[in-house]
Amino acid sequence: MNNKPWVIITGADGGIGKALVNVFAEEGYRIIATDIKPIEQENENVYPLQTNLEEIVLNEAYAEAFHNEIIEITKRQPIQSLINNAATQILNPTDKITRNEWFQSFNVNLSAPFFLSQLFLKDLIQSKHGSIVNISSIHAIQTKRDFVTYATTKGALSSLTRNMAVDLGGSVRVNAIEPAAVSTDMLKAGFEGKNEEYKMLEAFHPIARIATPVEVAQLAVYLCSDKASFIHGACINATGGIHGCLSDPDVR
């Protein structure tokens with residue numbers, strides 16, 4: 001029997017998601033990589049699975065079919081880690097946010113992590129080393145204009161992390177990562193033709209740069225390892241120090 005542990009990673013086709021898949025694979029995990037888009041993957045230890053997280057939230061039959069598909073892939077070996085990475089970031093001011101935008105954000109960013117955790121809870125407990133890592137955001141504690149929907153869901157995700165840790169006790173560890181800016185393709189696309197603005201973003205961080213996706217992934221792997229066995233209910237910032245900064249006109 002193959003004793004490599006199983007991990008589920010959502011949003012596996014995004015910038016952080018791809019890094020998560022690669023880093024967990026390097027650490028010897030077998031990975032079920034889910035995304036709403038088809039995923040091309042050549043690593044024999046990575047099993048891509050196109051998945052609609054909103055359907056998992058809203059449709060119990062779909063969720064059960066998803067669970068059965070995982071059981072078939074793993075041949076009933078338990079899932080050891082769940083990385084709730086998928087997210088949608090809808091930006092709008094308060095007076096422009098639609099109901100669909102609000103509910104979609106909560107379905108993907110908050111409800112899906114909860115119901116996936118619930119769906120695989122028995123597996124995680126059975127593995128004896130069960131770990132859930134929620135990829136939250138600095139927006140859980142500090143935000144800016146037009147981020148009301150996204151920031152509210154991330155604040156709730158960090159709160160869910162703390163509350164589930166208390167509720168689950170020692171059966172499964174639950175932690176969150178709250179990154180600041182990460183150099184994904186999506187972020188870089190938003191700064192296309194804006195080199196000065198990008199340099200300013202880096203300079204705002206006391207460490208003088210933004211995070212790489214691999215750095216977030218390495219922290220997630222650590223939180224799933226036995227080296228982090230006493231870390232439970234933590235929301236760990238990965239912000240390069242920007243979470244401690246005031247924005248003011250001081251340019252010294």
# chains A, B, ... in the order shown; residues from 1 in each chain; ligands from 1

$ residues_around --residues "Ile125 in chain A" --least-positions-apart "4" --cutoff "10 Å" --atoms "only C-alpha atoms" --output "list in words"
Pro78, Ile79, Gln80, Phe120, Leu121, His129, Gly130, Ser131, Leu168, Gly170, Ser171, Val172 and Arg173 of chain A

$ residues_around --residues "Trp6 in chain A" --least-positions-apart "3" --cutoff "12 Å" --atoms "only C-alpha atoms" --output "count of residues only"
37

$ closest_residue --among "A:Ile135, A:Val214, A:Leu91, A:Leu219" --to "Val148 in chain A" --atoms "only C-alpha atoms"
A:Leu91

$ residues_around --residues "Ser136 in chain A" --least-positions-apart "6" --cutoff "6 Å" --atoms "only C-alpha atoms" --output "NGL selection string"
:A and (154 or 177-178)

$ select_by_dssp --residues "range 17-165 of chain A" --states "alpha helix (DSSP H)" --output "PyMOL selection string"
chain A and resi 17-26+53-58+60-74+99-106+112-119+121-126+148-165

$ closest_residue --among "A:Lys37, A:Lys144, A:His232, A:His139" --to "Ala156 in chain A" --atoms "only C-alpha atoms"
A:His139

$ residues_around --residues "Lys199 in chain A" --least-positions-apart "6" --cutoff "10 Å" --atoms "only C-alpha atoms" --output "NGL selection string"
:A and (191 or 208-210)

$ closest_residue --among "A:Tyr150, A:Phe106, A:Phe66, A:Phe204" --to "Glu54 in chain A" --atoms "only C-alpha atoms"
A:Phe106

$ closest_residue --among "A:Ile16, A:Ile36, A:Ala180, A:Gly11" --to "Gly244 in chain A" --atoms "only C-alpha atoms"
A:Ala180

$ closest_residue --among "A:Val133, A:Leu187, A:Met164, A:Cys245" --to "Ala228 in chain A" --atoms "only C-alpha atoms"
A:Val133
